[in-house]
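What follows is the content of structure34.txt, which has compact mmCIF, C-alpha atoms and all ligand atoms:
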```txt
# COMPACT_ATOMS: atom_id res chain seq x y z
CA MET A 1 2.25 155.70 50.44
CA ALA A 2 1.17 152.06 50.47
CA ASP A 3 -0.76 152.35 47.23
CA LYS A 4 2.01 153.80 45.12
CA ARG A 5 4.08 151.66 42.81
CA PRO A 6 7.67 151.69 44.11
CA GLU A 7 9.82 153.84 41.84
CA SER A 8 12.51 151.18 41.80
CA MET A 9 10.11 148.60 40.36
CA GLU A 10 11.22 147.53 36.90
CA ARG A 11 8.61 147.18 34.17
CA ILE A 12 7.85 143.47 33.65
CA THR A 13 8.39 142.85 29.96
CA THR A 14 10.15 139.49 29.71
CA PRO A 15 9.55 135.91 30.96
CA GLU A 16 12.63 136.26 33.21
CA LEU A 17 11.27 139.39 34.89
CA ALA A 18 7.86 137.74 35.19
CA GLN A 19 9.46 134.70 36.85
CA ALA A 20 11.31 136.92 39.32
CA PHE A 21 8.02 138.67 40.14
CA ILE A 22 6.26 135.30 40.58
CA ASP A 23 8.99 133.96 42.91
CA GLU A 24 8.93 137.12 44.98
CA GLN A 25 5.12 137.21 45.22
CA VAL A 26 4.79 133.51 46.04
CA ALA A 27 7.21 133.97 48.95
CA ALA A 28 5.40 137.12 50.11
CA LEU A 29 1.98 135.45 49.86
CA LYS A 30 3.18 132.44 51.85
CA ALA A 31 4.51 134.77 54.55
CA GLN A 32 1.33 136.90 54.60
CA ILE A 33 -1.17 134.02 54.61
CA GLY A 34 0.57 131.24 56.54
CA ASP A 35 -1.89 128.38 57.02
CA LYS A 36 -5.01 130.54 56.70
CA LYS A 37 -7.67 130.41 53.97
CA VAL A 38 -8.23 132.94 51.19
CA LEU A 39 -11.39 133.59 49.20
CA LEU A 40 -11.35 134.83 45.59
CA ALA A 41 -14.10 135.72 43.12
CA LEU A 42 -12.70 134.18 39.95
CA SER A 43 -14.39 135.56 36.84
CA GLY A 44 -11.95 134.03 34.37
CA GLY A 45 -10.79 137.48 33.24
CA VAL A 46 -7.04 138.00 33.09
CA ASP A 47 -6.64 139.84 36.42
CA SER A 48 -8.51 137.41 38.66
CA SER A 49 -7.05 134.44 36.76
CA VAL A 50 -3.49 135.63 37.35
CA VAL A 51 -4.23 136.23 41.03
CA ALA A 52 -5.71 132.72 41.28
CA ALA A 53 -2.71 131.13 39.58
CA LEU A 54 -0.27 133.00 41.86
CA LEU A 55 -2.18 131.97 44.97
CA ILE A 56 -2.48 128.36 43.85
CA ARG A 57 1.33 128.29 43.57
CA ALA A 58 1.72 129.86 46.98
CA ILE A 59 -0.94 128.17 49.09
CA GLY A 60 -2.63 125.50 46.93
CA LYS A 61 -5.97 124.42 48.33
CA GLN A 62 -6.01 127.07 51.06
CA LEU A 63 -7.31 129.26 48.23
CA VAL A 64 -11.07 128.96 47.71
CA CYS A 65 -12.06 130.25 44.26
CA VAL A 66 -15.69 131.07 43.60
CA HIS A 67 -16.77 131.27 39.96
CA VAL A 68 -20.24 132.74 39.59
CA ASN A 69 -21.95 131.97 36.30
CA HIS A 70 -24.50 134.77 36.02
CA GLY A 71 -25.62 133.69 32.59
CA LEU A 72 -24.04 136.74 30.94
CA LEU A 73 -20.65 135.20 30.19
CA ARG A 74 -19.39 134.49 26.70
CA LYS A 75 -19.74 131.09 25.12
CA GLY A 76 -17.36 128.56 26.65
CA GLU A 77 -16.12 130.77 29.49
CA PRO A 78 -17.47 128.92 32.55
CA GLU A 79 -16.29 125.64 31.04
CA GLN A 80 -12.82 127.07 30.51
CA VAL A 81 -12.57 128.32 34.10
CA ILE A 82 -13.42 124.83 35.35
CA ARG A 83 -11.02 123.15 32.90
CA VAL A 84 -8.06 125.41 33.63
CA PHE A 85 -8.41 125.86 37.36
CA ARG A 86 -10.09 122.72 38.64
CA ASP A 87 -8.83 120.14 36.14
CA GLN A 88 -5.39 121.49 35.23
CA MET A 89 -4.31 123.46 38.29
CA ASN A 90 -6.13 121.29 40.81
CA ALA A 91 -7.65 124.34 42.47
CA ASN A 92 -10.27 124.40 45.16
CA LEU A 93 -12.98 125.83 42.88
CA ILE A 94 -16.61 126.38 43.72
CA TYR A 95 -18.73 126.75 40.60
CA VAL A 96 -22.04 128.51 41.22
CA ASP A 97 -24.70 128.17 38.56
CA ALA A 98 -26.68 131.34 39.25
CA VAL A 99 -28.05 131.73 35.72
CA ASP A 100 -31.72 131.46 36.63
CA ARG A 101 -31.33 133.74 39.63
CA PHE A 102 -29.83 136.54 37.56
CA LEU A 103 -32.10 136.16 34.56
CA ASP A 104 -35.23 136.02 36.73
CA LYS A 105 -34.17 139.23 38.52
CA LEU A 106 -33.45 140.92 35.19
CA ALA A 107 -36.70 139.89 33.50
CA GLY A 108 -38.57 142.89 32.16
CA VAL A 109 -35.90 145.41 33.22
CA ALA A 110 -35.01 147.63 30.25
CA ASP A 111 -33.13 150.50 31.90
CA PRO A 112 -29.35 150.01 31.44
CA GLU A 113 -28.31 151.45 34.80
CA GLN A 114 -30.98 149.42 36.56
CA LYS A 115 -29.68 146.30 34.80
CA ARG A 116 -26.12 147.09 35.93
CA LYS A 117 -27.30 147.63 39.50
CA ILE A 118 -29.19 144.35 39.60
CA ILE A 119 -26.24 142.41 38.19
CA GLY A 120 -23.77 144.03 40.63
CA ALA A 121 -26.01 143.59 43.67
CA GLU A 122 -26.94 140.00 42.84
CA PHE A 123 -23.27 139.18 42.30
CA ILE A 124 -22.40 140.39 45.81
CA ARG A 125 -25.35 138.45 47.23
CA VAL A 126 -24.30 135.17 45.57
CA PHE A 127 -20.68 135.69 46.60
CA GLU A 128 -21.73 136.51 50.17
CA GLU A 129 -23.76 133.29 50.38
CA GLU A 130 -20.76 131.26 49.25
CA ALA A 131 -18.47 133.11 51.66
CA ARG A 132 -20.80 132.26 54.56
CA LYS A 133 -20.65 128.56 53.71
CA GLN A 134 -16.88 128.60 54.16
CA GLU A 135 -15.18 128.23 57.51
CA GLY A 136 -11.99 129.89 58.56
CA ILE A 137 -11.60 132.41 55.73
CA GLU A 138 -9.28 135.22 56.82
CA PHE A 139 -8.36 136.87 53.55
CA LEU A 140 -10.08 138.11 50.44
CA ALA A 141 -8.02 138.17 47.26
CA GLN A 142 -8.78 140.67 44.51
CA GLY A 143 -7.47 141.24 41.00
CA THR A 144 -6.93 144.95 41.55
CA ILE A 145 -4.38 146.30 39.06
CA TYR A 146 -2.52 149.61 39.05
CA PRO A 147 -4.88 151.46 36.68
CA ASP A 148 -7.73 150.61 39.11
CA ILE A 149 -5.78 152.42 41.82
CA ILE A 150 -4.73 155.44 39.80
CA GLU A 151 -8.31 155.58 38.56
CA SER A 152 -8.37 155.15 34.87
CA LYS A 153 -11.61 156.92 34.04
CA GLY A 154 -12.14 155.04 30.79
CA VAL A 155 -12.34 151.35 31.50
CA LYS A 156 -14.78 150.99 34.33
CA ALA A 157 -13.95 148.98 37.42
CA HIS A 158 -14.53 145.27 37.02
CA HIS A 159 -16.42 143.23 39.53
CA ASN A 160 -15.22 143.98 42.93
CA VAL A 161 -16.58 142.57 46.09
CA GLY A 162 -16.19 145.74 48.10
CA GLY A 163 -19.93 145.67 48.87
CA LEU A 164 -19.68 142.74 51.27
CA PRO A 165 -21.24 143.29 54.72
CA GLU A 166 -19.09 144.34 57.71
CA ASP A 167 -18.72 140.87 59.21
CA LEU A 168 -17.24 139.63 55.93
CA LYS A 169 -14.62 142.35 55.63
CA PHE A 170 -11.55 140.17 55.35
CA ASP A 171 -7.99 141.41 55.03
CA LEU A 172 -7.16 142.03 51.39
CA VAL A 173 -4.65 140.14 49.29
CA GLU A 174 -3.86 142.03 46.09
CA PRO A 175 -0.69 140.62 44.55
CA VAL A 176 -0.93 142.40 41.17
CA LYS A 177 -2.00 145.82 42.41
CA PHE A 178 1.15 147.55 41.17
CA LEU A 179 1.08 145.98 37.72
CA PHE A 180 -0.15 147.48 34.49
CA LYS A 181 -2.30 145.32 32.25
CA ASP A 182 0.52 144.38 29.87
CA GLU A 183 2.60 143.24 32.86
CA VAL A 184 -0.28 141.15 34.21
CA ARG A 185 -0.40 139.43 30.81
CA VAL A 186 3.33 138.64 30.82
CA VAL A 187 3.01 137.19 34.32
CA GLY A 188 -0.09 135.19 33.30
CA LYS A 189 1.74 133.72 30.34
CA GLN A 190 4.66 132.74 32.57
CA LEU A 191 2.23 131.11 35.00
CA GLY A 192 1.05 128.86 32.17
CA LEU A 193 -2.41 130.32 31.64
CA PRO A 194 -3.84 129.78 28.14
CA ASP A 195 -3.36 132.54 25.56
CA ASN A 196 -7.05 133.19 25.12
CA MET A 197 -7.28 133.94 28.82
CA VAL A 198 -4.11 136.02 28.98
CA TYR A 199 -4.70 138.12 25.86
CA ARG A 200 -8.43 138.44 26.29
CA GLN A 201 -10.09 141.66 25.16
CA PRO A 202 -11.74 143.80 27.85
CA PHE A 203 -15.14 142.47 28.91
CA PRO A 204 -17.54 144.58 30.98
CA GLY A 205 -18.60 143.37 34.43
CA PRO A 206 -22.28 143.15 33.38
CA GLY A 207 -21.07 141.00 30.49
CA LEU A 208 -23.41 140.22 27.63
CA GLY A 209 -26.18 141.84 29.67
CA VAL A 210 -25.38 145.28 28.22
CA ARG A 211 -25.23 143.86 24.69
CA CYS A 212 -28.70 142.35 24.89
CA VAL A 213 -30.14 145.83 24.61
CA GLY A 214 -33.27 146.57 26.61
CA ALA A 215 -35.01 143.91 28.67
CA ILE A 216 -33.02 140.67 28.52
CA THR A 217 -34.78 137.56 27.27
CA ARG A 218 -33.16 134.15 27.19
CA ASP A 219 -33.61 133.69 23.44
CA ARG A 220 -32.16 137.09 22.53
CA LEU A 221 -29.31 136.60 25.01
CA GLU A 222 -28.53 133.33 23.27
CA ALA A 223 -28.44 135.22 19.94
CA VAL A 224 -25.88 137.63 21.47
CA ARG A 225 -23.78 134.74 22.80
CA GLU A 226 -23.83 132.71 19.57
CA SER A 227 -23.15 135.68 17.28
CA ASP A 228 -20.32 136.84 19.58
CA ALA A 229 -18.79 133.35 19.40
CA ILE A 230 -18.90 133.41 15.58
CA LEU A 231 -17.35 136.88 15.47
CA ARG A 232 -14.53 135.84 17.83
CA GLU A 233 -13.91 132.65 15.88
CA GLU A 234 -13.69 134.55 12.58
CA PHE A 235 -11.46 137.28 14.03
CA ALA A 236 -9.12 134.59 15.38
CA ALA A 237 -9.07 132.73 12.06
CA ASN A 238 -8.35 135.93 10.12
CA GLY A 239 -5.55 137.42 12.21
CA LEU A 240 -7.63 140.10 13.89
CA GLU A 241 -7.54 138.67 17.41
CA GLY A 242 -5.02 140.66 19.40
CA LYS A 243 -4.99 143.35 16.69
CA VAL A 244 -8.41 144.83 17.44
CA TRP A 245 -8.87 146.19 20.97
CA GLN A 246 -12.48 145.20 21.51
CA TYR A 247 -15.03 143.48 19.30
CA PHE A 248 -18.41 142.01 20.00
CA THR A 249 -21.99 141.79 18.84
CA ILE A 250 -25.12 143.50 20.06
CA VAL A 251 -28.71 142.43 19.58
CA PRO A 252 -31.20 145.30 19.86
CA ASP A 253 -34.74 144.74 21.03
CA PHE A 254 -36.64 145.00 17.75
CA ARG A 255 -37.37 142.79 14.78
CA THR A 256 -37.44 143.48 11.08
CA VAL A 257 -38.83 141.57 8.16
CA GLY A 258 -36.66 139.24 6.13
CA VAL A 259 -36.99 136.22 3.89
CA GLN A 260 -35.43 132.80 4.14
CA ASP A 261 -36.14 129.70 2.04
CA GLY A 262 -39.03 131.54 0.42
CA VAL A 263 -40.66 132.32 3.73
CA ARG A 264 -40.96 135.75 5.34
CA THR A 265 -39.17 136.05 8.66
CA ASP A 266 -39.61 138.43 11.53
CA ALA A 267 -36.29 138.44 13.34
CA TRP A 268 -33.63 140.50 15.15
CA PRO A 269 -30.66 142.25 13.59
CA VAL A 270 -27.16 141.59 14.95
CA VAL A 271 -24.84 144.58 15.15
CA ILE A 272 -21.06 144.10 14.91
CA ARG A 273 -18.84 146.50 16.86
CA ALA A 274 -15.04 146.44 16.49
CA VAL A 275 -12.99 149.32 17.88
CA ASN A 276 -9.47 150.40 18.66
CA THR A 277 -8.52 152.69 21.50
CA LYS A 278 -5.76 153.42 23.99
CA ASP A 279 -7.78 154.30 27.06
CA ALA A 280 -11.44 153.66 26.09
CA MET A 281 -12.14 157.41 26.34
CA THR A 282 -12.14 157.73 22.55
CA ALA A 283 -12.22 154.97 19.97
CA THR A 284 -11.91 154.45 16.25
CA VAL A 285 -13.63 151.81 14.18
CA GLU A 286 -11.58 148.93 12.81
CA ASN A 287 -11.46 148.70 9.04
CA ILE A 288 -12.59 145.09 8.62
CA PRO A 289 -12.17 143.69 5.09
CA PHE A 290 -15.52 143.74 3.32
CA ASP A 291 -15.37 140.10 2.24
CA LEU A 292 -14.79 139.04 5.83
CA LEU A 293 -17.81 141.10 6.93
CA GLN A 294 -19.86 139.36 4.26
CA HIS A 295 -18.65 135.95 5.39
CA ILE A 296 -19.47 136.73 9.04
CA THR A 297 -22.89 138.00 7.96
CA GLN A 298 -23.55 134.77 6.08
CA ARG A 299 -22.58 132.69 9.10
CA ILE A 300 -24.54 134.70 11.65
CA THR A 301 -27.73 134.84 9.58
CA HIS A 302 -27.57 131.10 8.90
CA GLU A 303 -26.31 129.80 12.24
CA VAL A 304 -27.91 132.04 14.85
CA LYS A 305 -31.53 131.42 15.67
CA GLY A 306 -33.90 134.38 15.39
CA VAL A 307 -31.57 136.60 13.34
CA ASN A 308 -32.10 137.77 9.74
CA ARG A 309 -29.76 140.77 9.32
CA VAL A 310 -26.25 141.86 10.26
CA LEU A 311 -25.19 145.51 10.55
CA TYR A 312 -21.74 147.01 11.07
CA ASP A 313 -21.50 149.95 13.45
CA LEU A 314 -19.27 152.59 11.82
CA THR A 315 -19.51 155.08 14.67
CA PRO A 316 -16.36 156.25 16.45
CA LYS A 317 -16.36 157.38 20.09
CA PRO A 318 -17.41 160.15 20.23
CA THR A 319 -20.21 160.25 19.13
CA GLY A 320 -21.03 156.66 20.05
CA THR A 321 -19.84 154.94 23.19
CA ILE A 322 -18.14 151.58 22.75
CA GLU A 323 -21.02 149.62 24.27
CA TRP A 324 -24.57 150.28 23.18
CA GLU A 325 -25.90 150.80 26.67
P1 LIG A 401 -18.12 152.83 26.84
O1 LIG A 401 -19.30 152.04 26.37
O2 LIG A 401 -18.44 153.70 28.02
O3 LIG A 401 -17.09 151.75 27.34
O4 LIG A 401 -17.45 153.59 25.72
C1 LIG A 401 -15.73 151.99 27.66
C2 LIG A 401 -15.13 150.68 28.14
O5 LIG A 401 -15.72 150.29 29.38
C3 LIG A 401 -16.35 149.03 29.27
N1 LIG A 401 -17.61 149.10 30.02
C4 LIG A 401 -17.81 148.55 31.23
N2 LIG A 401 -16.97 147.84 32.02
N3 LIG A 401 -18.68 147.67 33.63
C5 LIG A 401 -17.43 147.38 33.21
O6 LIG A 401 -16.71 146.70 33.93
C6 LIG A 401 -19.57 148.38 32.90
O7 LIG A 401 -20.70 148.62 33.32
C7 LIG A 401 -19.09 148.85 31.64
N4 LIG A 401 -19.67 149.58 30.66
C8 LIG A 401 -18.73 149.72 29.68
C9 LIG A 401 -16.58 148.81 27.78
O8 LIG A 401 -16.66 147.42 27.45
C10 LIG A 401 -15.38 149.50 27.19
O9 LIG A 401 -14.23 148.68 27.23
```
Is it possible to give me this structure as structure tokens?
Amino acid sequence: MADKRPESMERITTPELAQAFIDEQVAALKAQIGDKKVLLALSGGVDSSVVAALLIRAIGKQLVCVHVNHGLLRKGEPEQVIRVFRDQMNANLIYVDAVDRFLDKLAGVADPEQKRKIIGAEFIRVFEEEARKQEGIEFLAQGTIYPDIIESKGVKAHHNVGGLPEDLKFDLVEPVKFLFKDEVRVVGKQLGLPDNMVYRQPFPGPGLGVRCVGAITRDRLEAVRESDAILREEFAANGLEGKVWQYFTIVPDFRTVGVQDGVRTDAWPVVIRAVNTKDAMTATVENIPFDLLQHITQRITHEVKGVNRVLYDLTPKPTGTIEWE
């Protein structure tokens, strides 16, 4: 069966094995693609980044990468995609600033599934528009990995562009489809991608959109983004990056009273979530040192606009899910 990992395929655990995989794939991609053009939705996540880096090695500027900024990415992510792929790897990268489009569509929508639908549908629409501007595209590259094929029920499918209309159904190029996540990371490292891209924690397709609970507003979304950046910075500085499976902040849609500089405030709480899991079906809460929690609380309440409290979610899965919506 074409979608089964060959039994003879050795697990990629070392730089040498990764290099052998890269050499083999680059040759295969060259043979498959020839002088044609390939389109790729490049989110900056590890899977699409590794696919981009492999294709850049194989076919250079015949690869057209499209990075859609939907306004729900983490702080610094769009900039990093541009820096790594356009500036360092000299890729043919189209950056689409679709922030207003997404946020306007999402305005006033509080239902989580409705939010997900809007984000997914708008993503396809933006990608389709970019695809139509290109001439001579014959292939579509995707960062499908083996767990996507064998249907891991826990971690939900990341952005895929399977919803494109019939006339844009290109032949697929999926060079990492037989790799497990840890193998994709070893290959990414060998391809020279930065560590914070290669060892990135899982990030849902709808991004910060599902962490800005309820109807998304620009100011509350900014509070999610800024508090998330502080949490990530502190986890990195305190040896928790790479140790904790997934960690992020949530900003619910209500305010409570507080006091700052002798003045009463009416502001949002920020919730910290930090969990460990094997398959995202169940999860345990990370035991973060109390003094670190206090330090993060101090930073978030003083540096993030519109926030006066920080809470730590102690709920395992079950009964809570990992995300809040
Ligand atoms: P839950 O919240 O269901 O999350 O315990 C399990 C894992 O899935 C991720 N997640 C998503 N990933 N699209 C995605 O691509 C989504 O809509 C989505 N919702 C949750 C979540 O971050 C966690 O890793």
Could you list the protein, DNA and RNA residues that have any atom within 9 Å of ligand LIG 401 (chain A), counting only C-alpha atoms and all ligand atoms, and write them as a compact mmCIF listing (two decimals) with C-alpha atoms, in the coordinates of the input?
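The resulting file, selection_36.txt, is shown below:
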```txt
# COMPACT_ATOMS: atom_id res chain seq x y z
CA PRO A 112 -29.35 150.01 31.44
CA GLU A 113 -28.31 151.45 34.80
CA ARG A 116 -26.12 147.09 35.93
CA GLY A 154 -12.14 155.04 30.79
CA VAL A 155 -12.34 151.35 31.50
CA LYS A 156 -14.78 150.99 34.33
CA ALA A 157 -13.95 148.98 37.42
CA HIS A 158 -14.53 145.27 37.02
CA HIS A 159 -16.42 143.23 39.53
CA GLN A 201 -10.09 141.66 25.16
CA PRO A 202 -11.74 143.80 27.85
CA PHE A 203 -15.14 142.47 28.91
CA PRO A 204 -17.54 144.58 30.98
CA GLY A 205 -18.60 143.37 34.43
CA PRO A 206 -22.28 143.15 33.38
CA GLY A 207 -21.07 141.00 30.49
CA VAL A 210 -25.38 145.28 28.22
CA TRP A 245 -8.87 146.19 20.97
CA GLN A 246 -12.48 145.20 21.51
CA ASP A 279 -7.78 154.30 27.06
CA ALA A 280 -11.44 153.66 26.09
CA MET A 281 -12.14 157.41 26.34
CA THR A 282 -12.14 157.73 22.55
CA ALA A 283 -12.22 154.97 19.97
CA LYS A 317 -16.36 157.38 20.09
CA PRO A 318 -17.41 160.15 20.23
CA GLY A 320 -21.03 156.66 20.05
CA THR A 321 -19.84 154.94 23.19
CA ILE A 322 -18.14 151.58 22.75
CA GLU A 323 -21.02 149.62 24.27
CA TRP A 324 -24.57 150.28 23.18
CA GLU A 325 -25.90 150.80 26.67
```
Item to complete: Would you please work out which residue, of A:Ala237, A:Val184, A:Ile33, A:Leu40, is nearest to His67 (chain A) when using all atoms listed in the file?
Response: A:Leu40
Fill in: Residues near Asn287 (chain A), cut-off 12 Å, only C-alpha atoms, skip fewer than 5 positions along chain, as a ChimeraX atom specification
/A:240,243-244,273-276,292-293,312-316
Can you tell me which residues surround region 162-173 of chain A at a distance of at most 10 Å, considering only C-alpha atoms, apart from same-chain residues fewer than 3 positions away, and format the answer as a PDB file with C-alpha atoms, keeping the file's coordinate frame?
```pdb
ATOM      1  CA  LEU A  29       1.980 135.450  49.860  1.00  0.00           C
ATOM      2  CA  GLN A  32       1.330 136.900  54.600  1.00  0.00           C
ATOM      3  CA  ILE A  33      -1.170 134.020  54.610  1.00  0.00           C
ATOM      4  CA  VAL A  38      -8.230 132.940  51.190  1.00  0.00           C
ATOM      5  CA  LEU A  39     -11.390 133.590  49.200  1.00  0.00           C
ATOM      6  CA  LEU A  40     -11.350 134.830  45.590  1.00  0.00           C
ATOM      7  CA  VAL A  51      -4.230 136.230  41.030  1.00  0.00           C
ATOM      8  CA  LEU A  55      -2.180 131.970  44.970  1.00  0.00           C
ATOM      9  CA  GLY A 120     -23.770 144.030  40.630  1.00  0.00           C
ATOM     10  CA  ALA A 121     -26.010 143.590  43.670  1.00  0.00           C
ATOM     11  CA  PHE A 123     -23.270 139.180  42.300  1.00  0.00           C
ATOM     12  CA  ILE A 124     -22.400 140.390  45.810  1.00  0.00           C
ATOM     13  CA  ARG A 125     -25.350 138.450  47.230  1.00  0.00           C
ATOM     14  CA  PHE A 127     -20.680 135.690  46.600  1.00  0.00           C
ATOM     15  CA  GLU A 128     -21.730 136.510  50.170  1.00  0.00           C
ATOM     16  CA  ALA A 131     -18.470 133.110  51.660  1.00  0.00           C
ATOM     17  CA  ARG A 132     -20.800 132.260  54.560  1.00  0.00           C
ATOM     18  CA  ILE A 137     -11.600 132.410  55.730  1.00  0.00           C
ATOM     19  CA  GLU A 138      -9.280 135.220  56.820  1.00  0.00           C
ATOM     20  CA  PHE A 139      -8.360 136.870  53.550  1.00  0.00           C
ATOM     21  CA  LEU A 140     -10.080 138.110  50.440  1.00  0.00           C
ATOM     22  CA  ALA A 141      -8.020 138.170  47.260  1.00  0.00           C
ATOM     23  CA  GLN A 142      -8.780 140.670  44.510  1.00  0.00           C
ATOM     24  CA  GLY A 143      -7.470 141.240  41.000  1.00  0.00           C
ATOM     25  CA  THR A 144      -6.930 144.950  41.550  1.00  0.00           C
ATOM     26  CA  HIS A 159     -16.420 143.230  39.530  1.00  0.00           C
ATOM     27  CA  VAL A 176      -0.930 142.400  41.170  1.00  0.00           C
ATOM     28  CA  LYS A 177      -2.000 145.820  42.410  1.00  0.00           C
TER      29      LYS A 177
END
```
Worksheet item: From the set A:Glu24, A:Asp253, A:Asp148, A:Glu77, which residue has the shortest atom-to-atom contact distance to Ala223 (chain A), counting only C-alpha atoms?
Response: A:Asp253
Worksheet item: For the atom pair CA of Glu129 (chain A) and CA of Ala215 (chain A), what is the interatomic distance in Å to one decimal place?
Response: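 Those two atoms sit 26.7 Å apart.
Counting only C-alpha atoms, Lys189 (chain A) has the following residues at most 10 Å away, ignoring those fewer than 5 positions along the same chain: Pro15, Ala18, Val50, Glu183, Val184, Pro194, Asp195, Met197, Val198 and Tyr199 of chain A.
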Just write the chosen residues, C-alpha atoms, as an mmCIF file, keeping the file's coordinate frame.
```cif
data_model
loop_
_atom_site.group_PDB
_atom_site.id
_atom_site.type_symbol
_atom_site.label_atom_id
_atom_site.label_comp_id
_atom_site.auth_asym_id
_atom_site.auth_seq_id
_atom_site.Cartn_x
_atom_site.Cartn_y
_atom_site.Cartn_z
ATOM 1 C CA PRO A 15 9.550 135.910 30.960
ATOM 2 C CA ALA A 18 7.860 137.740 35.190
ATOM 3 C CA VAL A 50 -3.490 135.630 37.350
ATOM 4 C CA GLU A 183 2.600 143.240 32.860
ATOM 5 C CA VAL A 184 -0.280 141.150 34.210
ATOM 6 C CA PRO A 194 -3.840 129.780 28.140
ATOM 7 C CA ASP A 195 -3.360 132.540 25.560
ATOM 8 C CA MET A 197 -7.280 133.940 28.820
ATOM 9 C CA VAL A 198 -4.110 136.020 28.980
ATOM 10 C CA TYR A 199 -4.700 138.120 25.860
#
```
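Between CA of Leu221 (chain A) and CA of Glu79 (chain A) there is a distance of 18.1 Å.
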Worksheet entry | Pairwise distance for CA of Gly45 (chain A) and CA of Leu311 (chain A), rounded to one decimal in Å |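 A separation of 28.0 Å between them.
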Item to complete: Using only C-alpha atoms, find all polymer residues with an atom at most 9 Å away from the point (-27.6, 137.7, 10.9); report them as a list in words.
Response: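 Here the neighbourhood of the point contains Ser227, Trp268, Pro269, Val270, Val271, Ile296, Thr297, Gln298, Arg299, Ile300, Thr301, His302, Glu303, Val304, Lys305, Gly306, Val307, Asn308, Arg309, Val310 and Leu311 of chain A.
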Fill in: Nearby residues (all atoms listed in the file) at most 12 Å from Glu222 (chain A), same-chain spacing under 2 positions excluded, as number ranges by chain
A: 71-75, 208-209, 211-212, 216-220, 224-229, 249-251, 268, 270, 303-307
Worksheet item: Could you list as number ranges by chain every residue that has an atom within 10 Å of (-13.7, 122.6, 43.0), using the file's coordinates and counting only C-alpha atoms?
Response: A: 61, 64-67, 82, 85-87, 90-95
